[in-house]
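J.: Contents of protein.cif (mmCIF, C-alpha atoms) are given next:
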data_final
#
loop_
_atom_site.group_PDB
_atom_site.id
_atom_site.type_symbol
_atom_site.label_atom_id
_atom_site.label_comp_id
_atom_site.auth_asym_id
_atom_site.auth_seq_id
_atom_site.Cartn_x
_atom_site.Cartn_y
_atom_site.Cartn_z
ATOM 1 C CA MET N 183 6.507 145.958 143.927
ATOM 2 C CA ALA N 184 9.246 145.158 141.460
ATOM 3 C CA TRP N 185 10.272 148.791 141.312
ATOM 4 C CA GLN N 186 10.435 149.077 145.060
ATOM 5 C CA TRP N 187 12.734 146.067 145.087
ATOM 6 C CA PHE N 188 14.851 147.665 142.406
ATOM 7 C CA HIS N 189 15.059 150.959 144.272
ATOM 8 C CA GLN N 190 16.222 149.310 147.455
ATOM 9 C CA TRP N 191 19.359 148.295 145.612
ATOM 10 C CA GLY N 192 20.020 151.968 145.036
ATOM 11 C CA SER N 193 20.261 152.505 148.791
ATOM 12 C CA PRO N 194 23.762 151.819 150.126
ATOM 13 C CA ARG N 195 22.436 151.674 153.662
ATOM 14 C CA TRP N 196 19.851 149.038 152.765
ATOM 15 C CA PHE N 197 22.516 146.997 150.972
ATOM 16 C CA TYR N 198 24.930 147.244 153.894
ATOM 17 C CA GLN N 199 22.312 146.040 156.385
ATOM 18 C CA ARG N 200 20.944 143.228 154.236
ATOM 19 C CA SER N 201 24.333 141.915 153.174
ATOM 20 C CA GLY N 202 25.414 141.981 156.818
ATOM 21 C CA ALA N 203 22.516 139.661 157.611
ATOM 22 C CA TRP N 204 23.273 137.266 154.722
ATOM 23 C CA LEU N 205 27.023 137.066 155.174
ATOM 24 C CA PRO N 206 27.307 134.782 158.234
ATOM 25 C CA TRP N 207 25.080 132.174 156.547
ATOM 26 C CA LEU N 208 26.903 132.388 153.250
ATOM 27 C CA ALA N 209 30.290 132.208 154.974
ATOM 28 C CA VAL N 210 29.361 129.123 157.031
ATOM 29 C CA LEU N 211 27.935 127.354 153.980
ATOM 30 C CA ALA N 212 30.963 128.252 151.841
ATOM 31 C CA ALA N 213 33.387 126.970 154.496
ATOM 32 C CA LEU N 214 31.367 123.776 154.863
ATOM 33 C CA PHE N 215 31.239 122.998 151.141
ATOM 34 C CA LEU N 216 34.912 123.871 150.610
ATOM 35 C CA ALA N 217 36.033 121.757 153.570
ATOM 36 C CA VAL N 218 33.961 118.718 152.557
ATOM 37 C CA GLY N 219 34.906 119.067 148.882
ATOM 38 C CA SER N 220 38.621 119.452 149.637
ATOM 39 C CA VAL N 221 38.886 116.385 151.875
ATOM 40 C CA TRP N 222 36.742 114.370 149.480
ATOM 41 C CA GLY N 223 38.670 115.440 146.398
ATOM 42 C CA LEU N 224 42.175 115.293 147.861
ATOM 43 C CA ALA N 225 41.938 112.172 149.984
ATOM 44 C CA LEU N 226 38.769 110.160 149.333
ATOM 45 C CA ALA N 227 38.212 110.304 145.579
ATOM 46 C CA PRO N 228 40.069 107.576 143.665
ATOM 47 C CA ALA N 229 43.257 108.459 141.779
ATOM 48 C CA ASP N 230 43.033 108.793 138.014
ATOM 49 C CA PHE N 231 44.256 105.654 136.265
ATOM 50 C CA LYS N 232 46.206 107.674 133.696
ATOM 51 C CA GLN N 233 47.204 110.865 135.530
ATOM 52 C CA GLY N 234 47.572 109.455 139.013
ATOM 53 C CA ASN N 235 47.198 111.997 141.796
ATOM 54 C CA SER N 236 48.007 115.127 139.799
ATOM 55 C CA TYR N 237 44.425 115.119 138.509
ATOM 56 C CA ARG N 238 43.306 116.139 142.026
ATOM 57 C CA ILE N 239 44.173 119.695 140.991
ATOM 58 C CA ILE N 240 40.879 119.535 139.053
ATOM 59 C CA TYR N 241 39.069 120.220 142.347
ATOM 60 C CA LEU N 242 40.600 123.714 142.425
ATOM 61 C CA HIS N 243 41.232 124.369 138.745
ATOM 62 C CA VAL N 244 37.743 123.772 137.377
ATOM 63 C CA PRO N 245 35.779 125.652 140.083
ATOM 64 C CA ALA N 246 38.192 128.620 139.938
ATOM 65 C CA SER N 247 37.881 128.719 136.144
ATOM 66 C CA PHE N 248 34.066 128.533 136.333
ATOM 67 C CA LEU N 249 33.942 131.484 138.691
ATOM 68 C CA ALA N 250 36.514 133.446 136.696
ATOM 69 C CA LEU N 251 34.165 133.190 133.684
ATOM 70 C CA ALA N 252 30.825 133.569 135.507
ATOM 71 C CA GLY N 253 32.339 136.483 137.435
ATOM 72 C CA TYR N 254 33.184 138.206 134.179
ATOM 73 C CA TYR N 255 29.543 138.095 133.090
ATOM 74 C CA LEU N 256 28.478 139.366 136.504
ATOM 75 C CA MET N 257 30.952 142.252 136.207
ATOM 76 C CA ALA N 258 29.809 143.158 132.683
ATOM 77 C CA ILE N 259 26.103 142.968 133.607
ATOM 78 C CA ALA N 260 26.715 145.115 136.689
ATOM 79 C CA GLY N 261 28.521 147.614 134.451
ATOM 80 C CA ALA N 262 25.590 147.632 132.018
ATOM 81 C CA ILE N 263 23.094 148.217 134.853
ATOM 82 C CA GLY N 264 25.285 151.061 136.076
ATOM 83 C CA LEU N 265 25.422 152.616 132.614
ATOM 84 C CA ILE N 266 21.685 152.289 131.900
ATOM 85 C CA TRP N 267 20.154 153.135 135.277
ATOM 86 C CA LYS N 268 23.068 155.146 136.689
ATOM 87 C CA MET N 269 23.008 152.944 139.770
ATOM 88 C CA LYS N 270 26.094 153.540 141.919
ATOM 89 C CA LEU N 271 25.843 150.208 143.697
ATOM 90 C CA ALA N 272 26.029 148.427 140.329
ATOM 91 C CA PHE N 273 29.304 150.197 139.556
ATOM 92 C CA THR N 274 30.545 149.222 143.016
ATOM 93 C CA ALA N 275 29.673 145.597 142.235
ATOM 94 C CA MET N 276 31.495 145.901 138.919
ATOM 95 C CA ARG N 277 34.674 147.235 140.505
ATOM 96 C CA CYS N 278 34.697 144.624 143.268
ATOM 97 C CA ALA N 279 33.921 141.821 140.804
ATOM 98 C CA ALA N 280 36.962 142.904 138.780
ATOM 99 C CA THR N 281 39.285 142.358 141.752
ATOM 100 C CA VAL N 282 37.764 139.021 142.783
ATOM 101 C CA GLY N 283 37.624 137.867 139.163
ATOM 102 C CA ALA N 284 41.248 138.763 138.468
ATOM 103 C CA ALA N 285 42.330 136.819 141.570
ATOM 104 C CA LEU N 286 40.325 133.726 140.557
ATOM 105 C CA THR N 287 41.590 133.900 136.961
ATOM 106 C CA PHE N 288 45.117 133.937 138.354
ATOM 107 C CA VAL N 289 44.256 130.865 140.460
ATOM 108 C CA ALA N 290 42.849 129.107 137.373
ATOM 109 C CA LEU N 291 46.017 129.848 135.390
ATOM 110 C CA PHE N 292 48.377 128.883 138.216
ATOM 111 C CA THR N 293 46.637 125.614 139.071
ATOM 112 C CA GLY N 294 46.513 124.846 135.345
ATOM 113 C CA ALA N 295 50.252 125.420 135.034
ATOM 114 C CA VAL N 296 51.193 123.118 137.929
ATOM 115 C CA TRP N 297 48.784 120.532 136.566
ATOM 116 C CA GLY N 298 50.286 120.860 133.096
ATOM 117 C CA LYS N 299 53.829 120.069 134.215
ATOM 118 C CA PRO N 300 53.271 116.442 135.345
ATOM 119 C CA THR N 301 50.543 115.833 132.739
ATOM 120 C CA TRP N 302 51.772 117.512 129.545
ATOM 121 C CA GLY N 303 55.410 117.962 130.525
ATOM 122 C CA THR N 304 55.221 121.761 130.423
ATOM 123 C CA TYR N 305 53.953 124.562 132.649
ATOM 124 C CA TRP N 306 52.758 126.682 129.785
ATOM 125 C CA VAL N 307 51.695 126.361 126.160
ATOM 126 C CA TRP N 308 50.236 129.062 123.932
ATOM 127 C CA ASP N 309 47.171 126.973 123.301
ATOM 128 C CA ALA N 310 43.774 128.525 122.538
ATOM 129 C CA ARG N 311 42.161 127.849 125.906
ATOM 130 C CA ILE N 312 45.122 128.998 127.966
ATOM 131 C CA THR N 313 45.800 132.079 125.850
ATOM 132 C CA SER N 314 42.150 133.167 125.963
ATOM 133 C CA MET N 315 42.214 132.730 129.780
ATOM 134 C CA LEU N 316 45.274 134.973 129.887
ATOM 135 C CA VAL N 317 43.328 137.530 127.832
ATOM 136 C CA LEU N 318 40.566 137.260 130.460
ATOM 137 C CA LEU N 319 43.086 138.116 133.189
ATOM 138 C CA PHE N 320 44.246 141.145 131.201
ATOM 139 C CA LEU N 321 40.631 142.237 130.665
ATOM 140 C CA TYR N 322 40.005 142.106 134.425
ATOM 141 C CA LEU N 323 43.230 144.020 135.100
ATOM 142 C CA GLY N 324 42.305 146.447 132.315
ATOM 143 C CA VAL N 325 38.960 147.227 133.969
ATOM 144 C CA ILE N 326 40.745 147.886 137.286
ATOM 145 C CA ALA N 327 43.451 150.018 135.646
ATOM 146 C CA LEU N 328 41.010 151.990 133.509
ATOM 147 C CA TYR N 329 38.908 152.815 136.550
ATOM 148 C CA GLN N 330 41.957 154.072 138.412
ATOM 149 C CA ALA N 331 43.161 156.120 135.435
ATOM 150 C CA PHE N 332 40.331 158.657 135.760
ATOM 151 C CA ASP N 333 40.052 161.306 138.458
ATOM 152 C CA ARG N 334 36.287 161.626 138.234
ATOM 153 C CA GLN N 335 34.619 158.559 139.670
ATOM 154 C CA GLU N 336 31.568 158.674 137.416
ATOM 155 C CA LEU N 337 33.592 158.909 134.226
ATOM 156 C CA ALA N 338 35.938 156.179 135.481
ATOM 157 C CA SER N 339 33.018 153.823 136.160
ATOM 158 C CA LYS N 340 31.504 154.427 132.722
ATOM 159 C CA ALA N 341 34.785 153.817 130.914
ATOM 160 C CA ALA N 342 35.483 150.651 132.920
ATOM 161 C CA ALA N 343 31.928 149.399 132.262
ATOM 162 C CA LEU N 344 32.373 149.914 128.509
ATOM 163 C CA LEU N 345 35.614 147.929 128.524
ATOM 164 C CA ALA N 346 33.940 145.182 130.578
ATOM 165 C CA LEU N 347 31.072 144.984 128.062
ATOM 166 C CA VAL N 348 33.343 144.891 125.017
ATOM 167 C CA GLY N 349 35.426 142.177 126.700
ATOM 168 C CA THR N 350 32.440 139.818 127.019
ATOM 169 C CA VAL N 351 33.262 138.748 123.435
ATOM 170 C CA ASN N 352 36.163 136.809 124.933
ATOM 171 C CA VAL N 353 34.041 134.636 127.235
ATOM 172 C CA PRO N 354 32.291 132.456 124.607
ATOM 173 C CA ILE N 355 35.654 132.185 122.842
ATOM 174 C CA ILE N 356 37.121 130.695 126.030
ATOM 175 C CA TYR N 357 34.209 128.266 126.365
ATOM 176 C CA LYS N 358 34.415 127.148 122.744
ATOM 177 C CA SER N 359 38.212 127.304 122.344
ATOM 178 C CA VAL N 360 38.636 123.596 123.125
ATOM 179 C CA ASP N 361 36.155 122.676 120.376
ATOM 180 C CA TRP N 362 37.098 125.241 117.720
ATOM 181 C CA TRP N 363 40.839 124.732 117.746
ATOM 182 C CA TYR N 364 43.019 121.706 118.070
ATOM 183 C CA THR N 365 44.424 122.314 121.536
ATOM 184 C CA LEU N 366 46.427 120.576 124.184
ATOM 185 C CA HIS N 367 43.772 121.466 126.747
ATOM 186 C CA GLN N 368 41.172 118.745 126.995
ATOM 187 C CA PRO N 369 37.515 119.415 126.085
ATOM 188 C CA ALA N 370 34.988 119.944 128.853
ATOM 189 C CA SER N 371 34.371 116.917 131.072
ATOM 190 C CA LEU N 372 31.244 118.428 132.579
ATOM 191 C CA LYS N 373 28.218 118.713 130.374
ATOM 192 C CA ILE N 374 24.882 120.246 131.201
ATOM 193 C CA THR N 375 23.227 118.168 128.498
ATOM 194 C CA GLY N 376 24.409 114.610 128.108
ATOM 195 C CA ASP N 377 26.650 112.505 130.276
ATOM 196 C CA SER N 378 29.777 113.903 131.838
ATOM 197 C CA THR N 379 32.951 112.061 130.940
ATOM 198 C CA LEU N 380 34.015 112.078 134.577
ATOM 199 C CA HIS N 381 33.243 109.062 136.755
ATOM 200 C CA SER N 382 30.702 109.801 139.463
ATOM 201 C CA SER N 383 33.226 109.071 142.229
ATOM 202 C CA MET N 384 35.284 111.983 140.870
ATOM 203 C CA LEU N 385 32.354 114.103 139.729
ATOM 204 C CA GLN N 386 30.541 114.315 143.058
ATOM 205 C CA PRO N 387 33.362 116.022 144.990
ATOM 206 C CA LEU N 388 33.894 118.332 142.015
ATOM 207 C CA LEU N 389 30.256 119.457 142.167
ATOM 208 C CA VAL N 390 30.637 120.071 145.913
ATOM 209 C CA MET N 391 33.710 122.221 145.234
ATOM 210 C CA ILE N 392 31.931 124.168 142.470
ATOM 211 C CA VAL N 393 29.055 124.996 144.841
ATOM 212 C CA GLY N 394 31.656 125.929 147.488
ATOM 213 C CA PHE N 395 33.420 128.281 145.083
ATOM 214 C CA TYR N 396 30.130 129.938 144.077
ATOM 215 C CA LEU N 397 29.342 130.545 147.762
ATOM 216 C CA PHE N 398 32.870 131.781 148.382
ATOM 217 C CA TYR N 399 32.549 134.154 145.442
ATOM 218 C CA ALA N 400 29.370 135.613 146.944
ATOM 219 C CA VAL N 401 31.115 136.096 150.312
ATOM 220 C CA ALA N 402 34.209 137.715 148.765
ATOM 221 C CA LEU N 403 32.150 140.005 146.527
ATOM 222 C CA LEU N 404 29.800 141.119 149.316
ATOM 223 C CA LEU N 405 32.675 141.773 151.761
ATOM 224 C CA SER N 406 34.476 143.823 149.164
ATOM 225 C CA MET N 407 31.329 145.773 148.231
ATOM 226 C CA ARG N 408 30.539 146.505 151.884
ATOM 227 C CA ALA N 409 34.006 147.955 152.442
ATOM 228 C CA GLU N 410 33.610 150.027 149.274
ATOM 229 C CA VAL N 411 30.183 151.300 150.344
ATOM 230 C CA LEU N 412 31.546 152.253 153.786
ATOM 231 C CA ALA N 413 34.415 154.170 152.214
ATOM 232 C CA ARG N 414 32.072 156.069 149.914
ATOM 233 C CA GLU N 415 29.507 156.787 152.634
ATOM 234 C CA ALA N 416 31.985 157.557 155.428
ATOM 235 C CA ASN N 417 30.485 161.017 155.976
ATOM 236 C CA SER N 418 26.849 159.968 155.988
ATOM 237 C CA SER N 419 24.799 159.850 159.157
ATOM 238 C CA TRP N 420 24.070 156.108 158.967
ATOM 239 C CA VAL N 421 27.773 155.223 158.898
ATOM 240 C CA ARG N 422 28.421 157.543 161.846
ATOM 241 C CA ALA N 423 25.563 155.797 163.648
ATOM 242 C CA LEU N 424 27.354 152.466 163.119
ATOM 243 C CA VAL N 425 30.276 153.771 165.143
ATOM 244 C CA THR N 426 28.329 155.439 167.934
ATOM 245 C CA ALA N 427 26.091 152.414 168.441
ATOM 246 C CA PRO N 428 28.464 149.476 168.038
ATOM 247 C CA GLN N 429 26.080 147.281 170.008
ATOM 248 C CA SER N 430 23.277 147.750 167.526
ATOM 249 C CA ARG N 431 22.532 145.084 164.957
ATOM 250 C CA GLU N 432 23.154 147.584 162.177
ATOM 251 C CA ARG N 433 26.861 147.066 162.437
ATOM 252 C CA GLY N 434 26.355 143.617 160.969
ATOM 253 C CA MET V 59 26.299 106.099 146.166
ATOM 254 C CA VAL V 60 29.986 105.490 145.681
ATOM 255 C CA GLU V 61 31.794 103.830 148.500
ATOM 256 C CA LEU V 62 34.256 106.241 150.084
ATOM 257 C CA LYS V 63 37.588 105.126 151.377
ATOM 258 C CA TRP V 64 40.832 106.809 152.371
ATOM 259 C CA GLN V 65 43.084 106.617 149.308
ATOM 260 C CA PHE V 66 46.428 106.868 151.081
ATOM 261 C CA GLU V 67 48.042 104.418 153.475
ATOM 262 C CA ASN V 68 49.577 107.036 155.739
ATOM 263 C CA TRP V 69 50.189 110.786 156.043
ATOM 264 C CA GLN V 70 53.502 110.551 154.238
ATOM 265 C CA ALA V 71 51.845 108.953 151.236
ATOM 266 C CA PHE V 72 49.192 111.667 151.374
ATOM 267 C CA TRP V 73 51.821 114.467 151.245
ATOM 268 C CA GLN V 74 53.828 112.750 148.526
ATOM 269 C CA MET V 75 50.856 111.735 146.366
ATOM 270 C CA ALA V 76 53.077 109.242 144.546
ATOM 271 C CA GLY V 77 55.413 111.966 143.320
ATOM 272 C CA HIS V 78 52.716 114.491 142.395
ATOM 273 C CA GLY V 79 52.713 116.058 145.860
ATOM 274 C CA PRO V 80 54.667 119.222 144.976
ATOM 275 C CA TYR V 81 52.267 120.039 142.112
ATOM 276 C CA VAL V 82 49.082 119.287 144.010
ATOM 277 C CA TRP V 83 50.154 121.065 147.202
ATOM 278 C CA ALA V 84 51.503 124.084 145.309
ATOM 279 C CA ALA V 85 48.066 124.420 143.694
ATOM 280 C CA VAL V 86 46.356 124.027 147.082
ATOM 281 C CA ALA V 87 48.670 126.540 148.795
ATOM 282 C CA VAL V 88 48.349 129.276 146.159
ATOM 283 C CA THR V 89 44.567 128.847 145.947
ATOM 284 C CA ALA V 90 44.268 129.016 149.750
ATOM 285 C CA VAL V 91 46.457 132.123 150.009
ATOM 286 C CA VAL V 92 44.466 133.957 147.324
ATOM 287 C CA MET V 93 41.119 132.975 148.893
ATOM 288 C CA VAL V 94 42.192 134.039 152.399
ATOM 289 C CA ALA V 95 43.451 137.350 151.009
ATOM 290 C CA LEU V 96 40.145 137.954 149.193
ATOM 291 C CA VAL V 97 38.329 137.660 152.523
ATOM 292 C CA ALA V 98 40.905 139.285 154.821
ATOM 293 C CA ALA V 99 41.587 142.421 152.759
ATOM 294 C CA PRO V 100 38.017 143.811 152.740
ATOM 295 C CA LEU V 101 37.549 142.872 156.417
ATOM 296 C CA ARG V 102 40.692 144.797 157.374
ATOM 297 C CA ARG V 103 39.665 147.740 155.205
ATOM 298 C CA ARG V 104 36.242 147.836 156.856
ATOM 299 C CA ARG V 105 37.784 147.772 160.345
ATOM 300 C CA GLN V 106 40.156 150.619 159.430
ATOM 301 C CA LEU V 107 37.337 152.688 157.931
ATOM 302 C CA LEU V 108 35.123 152.296 160.996
ATOM 303 C CA ALA V 109 38.059 153.181 163.264
ATOM 304 C CA GLU V 110 38.735 156.260 161.144
ATOM 305 C CA VAL V 111 35.082 157.351 161.369
ATOM 306 C CA ALA V 112 35.198 156.852 165.157
ATOM 307 C CA ARG V 113 38.377 158.950 165.504
ATOM 308 C CA GLU V 114 36.844 161.678 163.354
ATOM 309 C CA GLN V 115 33.796 161.674 165.580
ATOM 310 C CA GLN V 116 35.853 161.948 168.775
ATOM 311 C CA ARG V 117 37.762 164.878 167.311
ATOM 312 C CA ALA V 118 34.477 166.576 166.454
ATOM 313 C CA GLU V 119 33.176 165.994 170.001
ATOM 314 C CA ARG V 120 36.338 167.428 171.551
ATOM 315 C CA ARG V 121 36.098 170.468 169.305
ATOM 316 C CA ALA V 122 32.467 170.936 170.339
ATOM 317 C CA GLU V 123 33.366 170.680 174.055
ATOM 318 C CA ALA V 124 36.213 173.150 173.669
ATOM 319 C CA ALA V 125 33.879 175.562 171.911
ATOM 320 C CA ASN V 126 31.332 175.201 174.733
ATOM 321 C CA ARG V 127 33.938 175.962 177.423
ATOM 322 C CA ALA V 128 35.245 179.011 175.611
#
Please lay out the structure from this file as structure tokens.
T.:
Amino acid sequence: MAWQWFHQWGSPRWFYQRSGAWLPWLAVLAALFLAVGSVWGLALAPADFKQGNSYRIIYLHVPASFLALAGYYLMAIAGAIGLIWKMKLAFTAMRCAATVGAALTFVALFTGAVWGKPTWGTYWVWDARITSMLVLLFLYLGVIALYQAFDRQELASKAAALLALVGTVNVPIIYKSVDWWYTLHQPASLKITGDSTLHSSMLQPLLVMIVGFYLFYAVALLLSMRAEVLAREANSSWVRALVTAPQSRERG
Amino acid sequence: MVELKWQFENWQAFWQMAGHGPYVWAAVAVTAVVMVALVAAPLRRRRQLLAEVAREQQRAERRAEAANRA
């Protein structure tokens, strides 16, 4: 049973059909959570008594940073699966996760910079957390560049996967940077164990936004993977069938 | 449950955010642009790919018809 499930993921056609069925639901849920979280965070949550309204950037900055980091693990694990089981779809996931991850890391850095200006008086400091996030951006871009540097797709995927795996060292450093070094960046306000230091009126919309960003990440990754699968399988009979039978549900 | 209330007196106050408006809205705008691009780019690519496959198929059909007539 488990192996059958595993093998299905090796079939691009199966993936394309299934993801086509999931996407509308994921997209509606993502839009719903992001809309509710945005209005709640930007207009309904109380202003911070110290930072005023600039703190509202937290509702974009923290979820984007979460996904930038979680997305890196996803990319590295996909690369490892591709290396071990030679699964093409895993390499596709890795490549697409690199693009989405790089974009979200950029968002995390940008929103951090415009938050830093009114709060710390500067857009940028070479502090441990911020510098290690910049390294994360370069790791994502490195995976993309390394993949494109090779002519042979298989070799390119393997090299990119190796870089992705080596780069995972950076992720715990980012997490711990605010505790290990004396930094300008504040320590985590959200804690899995113990009480968060954020008041519930501010925490609740943040949790809604985090869920929204996770859903959005799934939508963006699946859309990107589907396009990639189509490009790779353009000459196969099932893709040609998508075009000749546009009415069929397969088109998804 | 926390009581929810509108934090700003009017739209102008909402845009200005007591002086923090430019920072907050710059963050919102850049995040929105990146997120829309992440969704729009693969959708456009998929549409182009399917159109390309369809054109290829029509060419193949025309070639087949021409071969039949000859």
J.: Per residue of chain N within 7 Å of chain V, which atom pair is closest and at what distance in Å (one decimal), using all atoms listed in the file, listed by chain and increasing number, as a tab-separated table?
T.:
residue	atom	partner	partner_atom	distance
N:Ala225	CA	V:Gln65	CA	5.7
N:Leu226	CA	V:Trp64	CA	5.0
N:Pro228	CA	V:Gln65	CA	6.5
N:Asn235	CA	V:Met75	CA	5.9
N:Ser236	CA	V:His78	CA	5.4
N:Arg238	CA	V:Val82	CA	6.9
N:Ile239	CA	V:Val82	CA	5.8
N:Val282	CA	V:Leu96	CA	6.9
N:Ala285	CA	V:Val92	CA	6.8
N:Val289	CA	V:Thr89	CA	5.9
N:Thr293	CA	V:Ala85	CA	5.0
N:Val296	CA	V:Tyr81	CA	5.3
N:Trp297	CA	V:Tyr81	CA	6.6
N:Ser383	CA	V:Val60	CA	5.9
N:Ala402	CA	V:Val97	CA	5.6
N:Leu405	CA	V:Pro100	CA	5.8
N:Ser406	CA	V:Pro100	CA	5.0
N:Ala409	CA	V:Arg104	CA	4.9
N:Ala413	CA	V:Leu107	CA	6.6
N:Ala416	CA	V:Val111	CA	6.7
N:Arg422	CA	V:Val111	CA	6.7
N:Val425	CA	V:Ala112	CA	5.8
J.: Grab the atom CA of N:Leu316 to atom CA of N:Thr379 distance for me, in Å with one decimal place.
T.: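 Computed distance, atom CA of N:Leu316 to atom CA of N:Thr379, equals 26.0 Å.
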J.: What's the 8 Å shell around stretch 313-315 of chain N, counting all atoms listed in the file, without same-chain residues fewer than 4 positions away, as a PDB file with C-alpha atoms, in the coordinates of the input?
T.:
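That gives us part-v1.pdb:
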ATOM      1  CA  THR N 287      41.590 133.900 136.961  1.00  0.00           C
ATOM      2  CA  LEU N 291      46.017 129.848 135.390  1.00  0.00           C
ATOM      3  CA  TRP N 308      50.236 129.062 123.932  1.00  0.00           C
ATOM      4  CA  ASP N 309      47.171 126.973 123.301  1.00  0.00           C
ATOM      5  CA  LEU N 319      43.086 138.116 133.189  1.00  0.00           C
ATOM      6  CA  ASN N 352      36.163 136.809 124.933  1.00  0.00           C
ATOM      7  CA  ILE N 355      35.654 132.185 122.842  1.00  0.00           C
ATOM      8  CA  ILE N 356      37.121 130.695 126.030  1.00  0.00           C
ATOM      9  CA  SER N 359      38.212 127.304 122.344  1.00  0.00           C
TER      10      SER N 359
END
J.: What does the distance between atom CA of N:Gly294 and atom CA of N:His243 come to in Å, to one decimal place?
T.: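 These two atoms are separated by 6.3 Å.
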J.: Which is closest to N:Pro354 among N:Leu265, N:Leu318, N:Gln386, N:Val401, if we use all atoms listed in the file?
T.: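 Nearest candidate to N:Pro354 out of N:Leu265, N:Leu318, N:Gln386, N:Val401: N:Leu318.
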J.: Tell me which residues come within 12 Å of (48.8, 119.5, 124.0), as a ChimeraX atom specification, counting all atoms listed in the file in the file's coordinates.
T.: /N:298-299,301-312,360,363-369
